[in-house]
>>> print(open('model_1.txt').read())   # compact mmCIF, C-alpha atoms and all ligand atoms
# COMPACT_ATOMS: atom_id res chain seq x y z
CA MET A 1 0.63 7.80 26.35
CA ASN A 2 2.22 10.70 24.48
CA GLN A 3 5.73 9.39 23.93
CA ILE A 4 6.80 6.78 21.44
CA ILE A 5 7.68 3.25 22.53
CA GLU A 6 10.56 1.43 20.83
CA ASP A 7 9.36 -1.25 18.42
CA ILE A 8 9.31 -0.65 14.64
CA LYS A 9 12.76 0.36 13.35
CA VAL A 10 13.64 2.41 10.28
CA VAL A 11 16.85 1.49 8.44
CA LEU A 12 18.40 3.93 5.96
CA ASP A 13 20.36 2.46 3.08
CA ARG A 14 23.96 3.65 2.85
CA ASN A 15 23.25 6.13 0.06
CA VAL A 16 20.24 7.68 1.86
CA GLU A 17 21.05 10.62 4.06
CA LEU A 18 19.65 11.24 7.51
CA ASN A 19 18.86 14.95 7.32
CA SER A 20 16.88 16.96 9.83
CA GLU A 21 13.78 16.91 7.59
CA ARG A 22 13.56 13.10 7.53
CA PHE A 23 11.42 12.36 10.64
CA PHE A 24 8.58 14.35 12.14
CA LEU A 25 6.28 13.45 14.99
CA ASN A 26 2.90 14.83 16.08
CA ASN A 27 0.63 14.82 19.12
CA GLY A 28 -1.65 11.92 18.19
CA THR A 29 -4.76 11.00 16.24
CA SER A 30 -8.40 12.07 16.15
CA ILE A 31 -11.64 10.72 14.74
CA LEU A 32 -13.09 12.80 11.91
CA SER A 33 -16.46 14.30 12.77
CA THR A 34 -19.46 13.15 10.73
CA ASP A 35 -19.60 16.52 8.94
CA ASP A 36 -15.90 16.53 8.13
CA ALA A 37 -16.10 12.93 6.92
CA ASN A 38 -18.95 13.84 4.59
CA ASN A 39 -17.34 17.06 3.36
CA LEU A 40 -13.91 15.53 2.81
CA ASN A 41 -15.19 12.24 1.32
CA TYR A 42 -13.99 10.02 4.18
CA LEU A 43 -15.66 6.92 5.56
CA GLN A 44 -17.34 7.51 8.92
CA ASN A 45 -15.28 7.09 12.12
CA CYS A 46 -11.92 7.41 10.39
CA PHE A 47 -8.76 8.26 12.29
CA ILE A 48 -6.48 10.98 11.00
CA PRO A 49 -3.23 12.41 12.40
CA LYS A 50 -3.42 15.71 14.28
CA GLN A 51 -1.55 18.41 12.42
CA GLU A 52 0.95 19.77 14.93
CA TRP A 53 4.23 18.36 13.69
CA ARG A 54 7.73 18.81 15.05
CA LYS A 55 11.10 17.29 14.21
CA VAL A 56 12.03 14.24 16.29
CA ASN A 57 14.69 14.77 18.96
CA SER A 58 17.86 12.68 19.28
CA ILE A 59 16.34 10.23 21.79
CA GLU A 60 13.31 9.63 19.59
CA LEU A 61 15.56 9.22 16.59
CA GLU A 62 17.46 6.50 18.40
CA GLN A 63 14.20 4.76 19.32
CA LEU A 64 13.01 4.94 15.72
CA THR A 65 16.08 3.87 13.78
CA THR A 66 18.70 1.15 13.48
CA SER A 67 21.92 1.51 11.55
CA ILE A 68 22.27 -0.72 8.51
CA ASP A 69 25.64 -1.81 9.93
CA ASP A 70 23.92 -3.20 13.04
CA LEU A 71 21.48 -5.40 11.12
CA GLN A 72 23.95 -8.26 10.81
CA SER A 73 21.87 -9.98 8.12
CA ASN A 74 18.81 -10.00 10.35
CA TRP A 75 16.02 -8.27 8.49
CA ASP A 76 12.79 -8.42 10.49
CA LEU A 77 10.08 -8.50 7.81
CA GLY A 78 7.33 -7.36 10.19
CA ARG A 79 9.24 -4.73 12.15
CA HIS A 80 11.79 -3.14 9.84
CA ILE A 81 11.18 -0.25 7.47
CA GLY A 82 13.87 0.44 4.87
CA ILE A 83 14.56 3.63 2.97
CA ILE A 84 16.28 3.07 -0.36
CA ARG A 85 17.16 5.16 -3.39
CA ILE A 86 16.27 4.12 -6.94
CA PRO A 87 18.60 5.46 -9.66
CA GLU A 88 17.35 8.52 -11.52
CA TYR A 89 17.80 6.90 -14.95
CA LEU A 90 15.18 4.27 -14.03
CA ILE A 91 12.57 6.77 -12.80
CA GLN A 92 13.07 9.37 -15.53
CA PRO A 93 11.16 7.46 -18.27
CA LEU A 94 8.09 7.34 -16.01
CA ARG A 95 8.36 11.05 -15.22
CA GLU A 96 8.49 11.76 -18.93
CA ILE A 97 5.29 9.79 -19.53
CA ILE A 98 3.57 11.56 -16.64
CA SER A 99 4.67 15.00 -17.84
CA THR A 100 3.13 14.52 -21.28
CA ILE A 101 -0.41 13.91 -20.09
CA ASN A 102 -3.16 15.78 -18.33
CA ILE A 103 -4.34 13.83 -15.32
CA ASP A 104 -8.06 14.35 -14.78
CA LEU A 105 -8.41 14.99 -11.08
CA SER A 106 -12.17 15.22 -11.19
CA GLN A 107 -11.87 11.48 -10.63
CA SER A 108 -10.82 11.05 -7.03
CA ARG A 109 -7.65 9.10 -7.83
CA GLY A 110 -6.81 10.73 -11.13
CA ASP A 111 -7.15 9.02 -14.49
CA ILE A 112 -3.98 7.04 -14.21
CA SER A 113 -4.81 4.89 -17.23
CA LYS A 114 -3.31 7.66 -19.41
CA VAL A 115 0.03 6.70 -17.88
CA THR A 116 -0.38 2.93 -17.82
CA LEU A 117 -1.58 2.75 -21.44
CA ASN A 118 1.45 4.64 -22.73
CA PRO A 119 3.52 2.31 -24.97
CA ASN A 120 6.68 2.99 -22.94
CA TYR A 121 5.09 2.29 -19.57
CA GLN A 122 5.61 -1.49 -19.33
CA CYS A 123 9.24 -1.21 -20.33
CA ALA A 124 9.93 1.42 -17.65
CA ILE A 125 8.17 -0.65 -14.97
CA GLU A 126 10.03 -3.79 -15.98
CA ALA A 127 13.41 -2.05 -15.64
CA ILE A 128 12.55 -0.90 -12.11
CA ARG A 129 11.23 -4.34 -11.22
CA THR A 130 14.50 -5.91 -12.33
CA HIS A 131 16.44 -3.37 -10.27
CA ILE A 132 14.51 -4.05 -7.04
CA GLN A 133 15.07 -7.78 -7.32
CA GLN A 134 18.27 -7.14 -5.34
CA TYR A 135 16.10 -6.28 -2.32
CA THR A 136 14.13 -9.56 -2.23
CA LEU A 137 15.05 -11.59 0.83
CA MET A 138 14.97 -14.91 -1.07
CA THR A 139 16.22 -15.07 -4.64
CA ASN A 140 13.05 -16.62 -6.03
CA ASP A 141 10.53 -14.47 -4.17
CA GLU A 142 7.76 -13.24 -6.42
CA ILE A 143 7.39 -9.49 -7.00
CA LYS A 144 3.88 -8.30 -7.71
CA THR A 145 3.48 -4.93 -9.44
CA LEU A 146 0.67 -2.92 -7.86
CA GLY A 147 1.34 -0.01 -10.20
CA ILE A 148 1.16 3.75 -10.06
CA HIS A 149 -0.95 5.68 -7.61
CA CYS A 150 -1.73 9.34 -8.01
CA ALA A 151 -3.06 11.61 -5.27
CA LYS A 152 -4.03 15.25 -5.17
CA PRO A 153 -1.95 17.67 -3.11
CA GLN A 154 -3.30 18.97 0.22
CA LEU A 155 -4.83 15.68 1.39
CA ILE A 156 -4.63 14.74 5.09
CA THR A 157 -4.35 11.07 4.05
CA THR A 158 -4.41 9.57 0.55
CA THR A 159 -5.65 5.95 0.72
CA VAL A 160 -9.10 5.35 -0.76
CA ASN A 161 -11.34 2.30 -0.67
CA THR A 162 -11.84 1.34 -4.30
CA VAL A 163 -13.06 -2.17 -3.60
CA GLN A 164 -16.28 -1.68 -1.62
CA TYR A 165 -17.24 1.90 -2.35
CA LEU A 166 -17.24 2.53 -6.07
CA PRO A 167 -17.70 5.01 -7.63
CA HIS A 168 -17.00 7.69 -4.99
CA CYS A 169 -13.96 5.90 -3.43
CA PRO A 170 -13.88 7.47 0.04
CA TYR A 171 -10.65 8.01 1.98
CA VAL A 172 -10.13 5.49 4.77
CA GLY A 173 -7.74 7.35 7.11
CA LEU A 174 -4.94 5.66 9.08
CA HIS A 175 -5.29 1.94 8.44
CA LEU A 176 -3.81 -1.52 8.18
CA ASP A 177 -3.43 -3.18 4.76
CA SER A 178 -4.96 -6.60 4.37
CA TRP A 179 -3.88 -7.93 0.96
CA GLU A 180 -2.96 -11.23 2.57
CA ASN A 181 -5.22 -10.76 5.59
CA SER A 182 -3.12 -13.11 7.70
CA PRO A 183 -4.11 -13.99 11.25
CA LEU A 184 -2.66 -11.73 13.94
CA LYS A 185 -0.12 -14.36 14.93
CA ARG A 186 1.32 -14.41 11.40
CA ARG A 187 0.89 -10.74 10.41
CA HIS A 188 4.62 -10.11 10.93
CA LEU A 189 5.37 -12.68 8.21
CA SER A 190 3.16 -11.04 5.56
CA SER A 191 4.60 -9.63 2.35
CA ASN A 192 5.77 -6.04 2.58
CA ARG A 193 6.00 -3.42 -0.14
CA ILE A 194 8.37 -1.11 -1.92
CA CYS A 195 6.73 2.21 -2.64
CA ILE A 196 8.77 4.62 -4.77
CA ASN A 197 8.39 8.38 -4.95
CA ILE A 198 8.26 8.92 -8.72
CA GLY A 199 7.01 12.51 -8.37
CA GLN A 200 9.07 15.69 -8.36
CA GLU A 201 8.44 16.73 -4.75
CA ASN A 202 9.01 15.12 -1.37
CA ARG A 203 6.28 12.70 -0.29
CA TYR A 204 5.24 11.73 3.22
CA PHE A 205 4.65 8.30 4.75
CA LEU A 206 2.63 8.29 7.96
CA MET A 207 2.88 5.50 10.50
CA ILE A 208 2.47 4.51 14.11
CA ASN A 209 5.75 2.83 15.05
CA LEU A 210 4.14 -0.21 16.65
CA SER A 211 3.65 -3.69 15.22
CA LEU A 212 0.17 -5.18 15.42
CA MET A 213 1.16 -7.69 18.12
CA LYS A 214 2.71 -4.88 20.20
CA ILE A 215 -0.57 -2.98 19.89
CA PHE A 216 -2.44 -6.11 21.00
CA HIS A 217 -0.36 -6.26 24.19
CA LEU A 218 -0.52 -2.50 24.82
CA LEU A 219 -4.30 -2.80 24.82
CA GLY A 220 -3.95 -5.25 27.72
CA LEU A 221 -4.92 -8.23 25.59
CA SER A 222 -3.20 -11.56 26.08
CA THR A 223 -5.56 -14.48 26.64
CA ILE A 224 -6.58 -17.19 24.17
CA ASN A 225 -10.00 -15.53 24.16
CA ASP A 226 -8.45 -12.20 23.16
CA ILE A 227 -6.50 -13.93 20.38
CA SER A 228 -9.61 -15.55 18.98
CA LYS A 229 -11.62 -12.30 19.29
CA HIS A 230 -8.87 -10.50 17.33
CA TYR A 231 -8.10 -13.40 15.04
CA ARG A 232 -6.99 -11.22 12.11
CA GLY A 233 -6.28 -8.11 14.16
CA VAL A 234 -8.16 -5.80 11.81
CA LYS A 235 -10.00 -3.98 14.63
CA LEU A 236 -6.85 -3.40 16.68
CA PRO A 237 -5.85 -0.15 14.89
CA SER A 238 -9.10 1.66 15.71
CA GLU A 239 -9.14 0.30 19.28
CA PHE A 240 -5.58 1.48 19.78
CA MET A 241 -6.21 4.99 18.40
CA GLN A 242 -9.37 5.25 20.48
CA HIS A 243 -7.60 4.21 23.70
CA PHE A 244 -4.38 6.13 23.05
CA PRO A 245 -5.35 9.27 21.10
CA THR A 246 -2.17 11.07 22.16
CA TYR A 247 0.19 8.38 20.87
CA PRO A 248 2.30 10.19 18.20
CA VAL A 249 2.17 9.52 14.48
CA ILE A 250 5.52 9.53 12.67
CA LYS A 251 5.81 11.38 9.37
CA LEU A 252 8.67 10.14 7.22
CA THR A 253 9.91 12.25 4.33
CA LEU A 254 10.82 10.58 1.03
CA SER A 255 12.64 12.68 -1.56
CA PRO A 256 12.06 12.07 -5.27
CA ASN A 257 13.52 8.64 -6.29
CA GLU A 258 13.51 7.41 -2.70
CA ALA A 259 11.33 4.48 -1.67
CA TYR A 260 10.21 2.90 1.55
CA ILE A 261 10.12 -0.82 2.22
CA ALA A 262 7.36 -1.26 4.81
CA PRO A 263 5.29 -4.04 6.41
CA THR A 264 1.98 -2.31 5.81
CA GLU A 265 -0.02 -5.41 6.86
CA ASN A 266 1.57 -5.10 10.31
CA ILE A 267 1.59 -1.34 11.04
CA ILE A 268 -0.97 1.48 11.09
CA HIS A 269 -0.06 3.80 8.23
CA ASP A 270 -1.06 6.04 5.28
CA SER A 271 0.49 8.78 3.18
CA SER A 272 -0.18 12.49 3.30
CA THR A 273 0.05 15.21 0.65
CA LEU A 274 -0.80 18.12 2.95
CA ASP A 275 2.63 19.69 2.44
CA LYS A 276 2.60 19.18 -1.33
CA HIS A 277 1.81 21.60 -4.14
CA GLU A 278 1.87 19.18 -7.07
CA LEU A 279 0.31 15.79 -7.75
CA ASP A 280 1.77 12.93 -5.73
CA PHE A 281 2.91 9.93 -7.78
CA SER A 282 4.11 6.64 -6.30
CA LEU A 283 4.89 3.23 -7.74
CA THR A 284 4.34 0.15 -5.57
CA PHE A 285 5.51 -3.46 -5.67
CA LEU A 286 4.53 -6.24 -3.25
CA GLY A 287 7.01 -8.89 -2.21
CA LYS A 288 9.29 -9.82 0.64
CA PHE A 289 11.89 -7.10 0.58
CA GLY A 290 14.69 -6.11 2.90
CA LEU A 291 18.03 -4.39 3.22
CA LEU A 292 20.76 -6.92 3.64
CA HIS A 293 23.56 -5.90 1.36
FE FE B 1 -2.14 1.06 3.05
>>> encode(input="model_1.txt", output="structure tokens", more="lines below")
Ligand SMILES: [Fe+2]
Amino acid sequence: MNQIIEDIKVVLDRNVELNSERFFLNNGTSILSTDDANNLNYLQNCFIPKQEWRKVNSIELEQLTTSIDDLQSNWDLGRHIGIIRIPEYLIQPLREIISTINIDLSQSRGDISKVTLNPNYQCAIEAIRTHIQQYTLMTNDEIKTLGIHCAKPQLITTTVNTVQYLPHCPYVGLHLDSWENSPLKRRHLSSNRICINIGQENRYFLMINLSLMKIFHLLGLSTINDISKHYRGVKLPSEFMQHFPTYPVIKLTLSPNEAYIAPTENIIHDSSTLDKHELDFSLTFLGKFGLLH
């Protein structure tokens, strides 16, 4: 299977432009060799995207996107990805804080506490949090601040496991988030996230455009037994990438101040800084967000 199947849809907000550098697609995934995993500080048996990227063609673009005008107030929490733009005046205070410090990259994630302990940090975060309230699907939905993440440039993927593998925090490769760890049947109802590019360069979101339940069916699974074997669905990503190594990964470009809204508990994803020259900074909030206005 080397062509994308229609499932997950990306929706661009009205003030976000669809330029030719927005969507790229590659020729699939591979498992890192033991040596590469050790040398690059990855967990064993990780999946990474192959690095032959091309721009998507018009048919693929149609399969990947839906116009905001066609949503008709139906935001699908588990299958829609939004691209929004946060006003410059809200991001600028964070950039100023970041520019005044030296991030120590000898620590694998950078010493981000120099940013978060700055006296102006909370105020800047609070202003952004207030702004993104307009994207919550229900007025009283809680927004949880996950905070700033910093990654070095030139990384194939950026997500590290800080929970089980301190202190060396290995990279995990293409993965599924499990903050809520819902059962497979309810994965599409999990909270999603807004992740804002607060850096000065483009940043890159990687994803396979298939929801977890779609992956379940593509693997030929359907019975009650299959459902109970894959109760939380956490093994489905690796099974999928093993069975369909030529299924393309999508690389989505986010300019500075742009953010994605994505159901990362329901899609295989990561970020990449391979095309970057400077540190990658992102700010993430968890909630139930969508584009309905
Ligand atoms: Fe993730």
>>> closest_residue(input="model_1.txt", among="A:Gly173, A:Ala259, A:Ile84, A:Phe244", to="Thr158 in chain A", atoms="only C-alpha atoms")
A:Gly173
>>> residues_near_ligand(input="model_1.txt", ligand="ligand FE 1 (chain B)", cutoff="7 Å", atoms="only C-alpha atoms and all ligand atoms", output="MDAnalysis selection string")
chainID A and resid 159 175:177 264 269:270
>>> atom_distance(input="model_1.txt", atom1="CA of Ile261 in chain A", atom2="CA of Phe289 in chain A")
6.7 Å
>>> atom_distance(input="model_1.txt", atom1="CA of Pro183 in chain A", atom2="CA of Thr29 in chain A")
25.5 Å
>>> axis_aligned_box(input="model_1.txt", around="range 61-66 of chain A", padding_each_side="4 Å", output="AutoDock Vina command-line options")
--center_x 15.9 --center_y 5.2 --center_z 16.4 --size_x 13.7 --size_y 16.1 --size_z 13.8
>>> closest_residue(input="model_1.txt", among="A:Val163, A:Leu64, A:Leu184, A:Leu218", to="His80 in chain A", atoms="only C-alpha atoms")
A:Leu64
>>> atom_distance(input="model_1.txt", atom1="CA of Phe23 in chain A", atom2="CA of Ile4 in chain A")
13.0 Å
>>> residues_around(input="model_1.txt", residues="Val56 in chain A", least_positions_apart="4", cutoff="10 Å", atoms="all atoms listed in the file", output="list in words")
Ser20, Glu21, Arg22, Phe23, Phe24, Leu25, Asn26, Glu60, Leu61, Glu62, Leu64, Ile250 and Lys251 of chain A
>>> closest_residue(input="model_1.txt", among="A:Leu174, A:Lys50, A:Lys185, A:Asn140", to="Asp226 in chain A", atoms="only C-alpha atoms")
A:Lys185
>>> residues_near_point(input="model_1.txt", point="(0.5, 4.2, 10.8)", cutoff="12 Å", atoms="only C-alpha atoms", output="JSON list (two decimals) with C-alpha atoms, keeping the file's coordinate frame")
[["chain", "number", "residue", "atom", "x", "y", "z"],
["A", 8, "ILE", "CA", 9.31, -0.65, 14.64],
["A", 25, "LEU", "CA", 6.28, 13.45, 14.99],
["A", 28, "GLY", "CA", -1.65, 11.92, 18.19],
["A", 29, "THR", "CA", -4.76, 11.00, 16.24],
["A", 47, "PHE", "CA", -8.76, 8.26, 12.29],
["A", 48, "ILE", "CA", -6.48, 10.98, 11.00],
["A", 49, "PRO", "CA", -3.23, 12.41, 12.40],
["A", 157, "THR", "CA", -4.35, 11.07, 4.05],
["A", 159, "THR", "CA", -5.65, 5.95, 0.72],
["A", 173, "GLY", "CA", -7.74, 7.35, 7.11],
["A", 174, "LEU", "CA", -4.94, 5.66, 9.08],
["A", 175, "HIS", "CA", -5.29, 1.94, 8.44],
["A", 176, "LEU", "CA", -3.81, -1.52, 8.18],
["A", 177, "ASP", "CA", -3.43, -3.18, 4.76],
["A", 204, "TYR", "CA", 5.24, 11.73, 3.22],
["A", 205, "PHE", "CA", 4.65, 8.30, 4.75],
["A", 206, "LEU", "CA", 2.63, 8.29, 7.96],
["A", 207, "MET", "CA", 2.88, 5.50, 10.50],
["A", 208, "ILE", "CA", 2.47, 4.51, 14.11],
["A", 209, "ASN", "CA", 5.75, 2.83, 15.05],
["A", 210, "LEU", "CA", 4.14, -0.21, 16.65],
["A", 211, "SER", "CA", 3.65, -3.69, 15.22],
["A", 212, "LEU", "CA", 0.17, -5.18, 15.42],
["A", 215, "ILE", "CA", -0.57, -2.98, 19.89],
["A", 237, "PRO", "CA", -5.85, -0.15, 14.89],
["A", 238, "SER", "CA", -9.10, 1.66, 15.71],
["A", 240, "PHE", "CA", -5.58, 1.48, 19.78],
["A", 241, "MET", "CA", -6.21, 4.99, 18.40],
["A", 247, "TYR", "CA", 0.19, 8.38, 20.87],
["A", 248, "PRO", "CA", 2.30, 10.19, 18.20],
["A", 249, "VAL", "CA", 2.17, 9.52, 14.48],
["A", 250, "ILE", "CA", 5.52, 9.53, 12.67],
["A", 251, "LYS", "CA", 5.81, 11.38, 9.37],
["A", 252, "LEU", "CA", 8.67, 10.14, 7.22],
["A", 262, "ALA", "CA", 7.36, -1.26, 4.81],
["A", 263, "PRO", "CA", 5.29, -4.04, 6.41],
["A", 264, "THR", "CA", 1.98, -2.31, 5.81],
["A", 265, "GLU", "CA", -0.02, -5.41, 6.86],
["A", 266, "ASN", "CA", 1.57, -5.10, 10.31],
["A", 267, "ILE", "CA", 1.59, -1.34, 11.04],
["A", 268, "ILE", "CA", -0.97, 1.48, 11.09],
["A", 269, "HIS", "CA", -0.06, 3.80, 8.23],
["A", 270, "ASP", "CA", -1.06, 6.04, 5.28],
["A", 271, "SER", "CA", 0.49, 8.78, 3.18],
["A", 272, "SER", "CA", -0.18, 12.49, 3.30]]
>>> residues_near_point(input="model_1.txt", point="(8.8, -7.2, 5.8)", cutoff="6 Å", atoms="only C-alpha atoms", output="PDB file with C-alpha atoms, in the frame of the given file")
ATOM      1  CA  LEU A  77      10.080  -8.500   7.810  1.00  0.00           C
ATOM      2  CA  GLY A  78       7.330  -7.360  10.190  1.00  0.00           C
ATOM      3  CA  SER A 191       4.600  -9.630   2.350  1.00  0.00           C
ATOM      4  CA  ASN A 192       5.770  -6.040   2.580  1.00  0.00           C
ATOM      5  CA  PRO A 263       5.290  -4.040   6.410  1.00  0.00           C
ATOM      6  CA  LYS A 288       9.290  -9.820   0.640  1.00  0.00           C
TER       7      LYS A 288
END
>>> decode(input="model_1.txt", residues="range 207-232 of chain A", atoms="N, CA and C atoms", output="short mmCIF file (atom, residue, chain, number, x, y, z; two decimals), in the first residue's frame")
data_model
loop_
_atom_site.label_atom_id
_atom_site.label_comp_id
_atom_site.auth_asym_id
_atom_site.auth_seq_id
_atom_site.Cartn_x
_atom_site.Cartn_y
_atom_site.Cartn_z
N MET A 207 2.63 12.81 10.39
CA MET A 207 1.50 11.97 10.77
C MET A 207 1.17 10.97 9.67
N ILE A 208 0.55 9.89 10.09
CA ILE A 208 -0.07 8.96 9.15
C ILE A 208 -1.56 9.31 9.18
N ASN A 209 -2.14 9.55 8.01
CA ASN A 209 -3.49 10.16 7.96
C ASN A 209 -4.60 9.13 8.17
N LEU A 210 -4.41 8.27 9.17
CA LEU A 210 -5.41 7.23 9.43
C LEU A 210 -5.74 7.22 10.92
N SER A 211 -7.04 7.17 11.23
CA SER A 211 -7.43 7.07 12.64
C SER A 211 -7.15 5.65 13.13
N LEU A 212 -7.08 5.50 14.44
CA LEU A 212 -6.71 4.20 15.01
C LEU A 212 -7.70 3.10 14.62
N MET A 213 -8.99 3.42 14.60
CA MET A 213 -9.99 2.42 14.22
C MET A 213 -9.85 2.03 12.75
N LYS A 214 -9.49 3.00 11.90
CA LYS A 214 -9.26 2.69 10.48
C LYS A 214 -8.08 1.73 10.34
N ILE A 215 -7.04 1.99 11.13
CA ILE A 215 -5.86 1.12 11.12
C ILE A 215 -6.25 -0.30 11.56
N PHE A 216 -7.06 -0.38 12.58
CA PHE A 216 -7.57 -1.66 13.10
C PHE A 216 -8.21 -2.45 11.95
N HIS A 217 -9.08 -1.79 11.18
CA HIS A 217 -9.76 -2.48 10.08
C HIS A 217 -8.81 -2.80 8.94
N LEU A 218 -7.87 -1.88 8.65
CA LEU A 218 -6.92 -2.14 7.56
C LEU A 218 -6.03 -3.34 7.85
N LEU A 219 -5.85 -3.62 9.13
CA LEU A 219 -5.06 -4.80 9.51
C LEU A 219 -5.89 -6.08 9.46
N GLY A 220 -7.12 -5.96 8.98
CA GLY A 220 -7.99 -7.14 8.86
C GLY A 220 -8.60 -7.57 10.17
N LEU A 221 -8.61 -6.68 11.14
CA LEU A 221 -9.15 -7.03 12.46
C LEU A 221 -10.61 -6.58 12.53
N SER A 222 -11.42 -7.38 13.18
CA SER A 222 -12.84 -6.98 13.26
C SER A 222 -13.62 -7.69 14.37
N THR A 223 -13.14 -8.85 14.79
CA THR A 223 -13.95 -9.66 15.71
C THR A 223 -13.89 -9.12 17.14
N ILE A 224 -14.79 -9.64 17.97
CA ILE A 224 -14.79 -9.28 19.40
C ILE A 224 -13.44 -9.65 20.02
N ASN A 225 -12.90 -10.78 19.57
CA ASN A 225 -11.59 -11.22 20.05
C ASN A 225 -10.51 -10.20 19.72
N ASP A 226 -10.56 -9.70 18.47
CA ASP A 226 -9.57 -8.68 18.05
C ASP A 226 -9.72 -7.43 18.90
N ILE A 227 -10.96 -7.04 19.16
CA ILE A 227 -11.21 -5.84 19.97
C ILE A 227 -10.63 -6.03 21.37
N SER A 228 -10.83 -7.20 21.93
CA SER A 228 -10.33 -7.37 23.31
C SER A 228 -8.81 -7.51 23.32
N LYS A 229 -8.24 -8.09 22.25
CA LYS A 229 -6.77 -8.19 22.16
C LYS A 229 -6.15 -6.79 22.02
N HIS A 230 -6.85 -5.90 21.32
CA HIS A 230 -6.34 -4.53 21.11
C HIS A 230 -7.20 -3.55 21.90
N TYR A 231 -7.42 -3.87 23.15
CA TYR A 231 -8.37 -3.10 23.95
C TYR A 231 -8.07 -1.60 23.94
N ARG A 232 -6.81 -1.24 24.13
CA ARG A 232 -6.45 0.20 24.10
C ARG A 232 -5.82 0.62 22.78
#
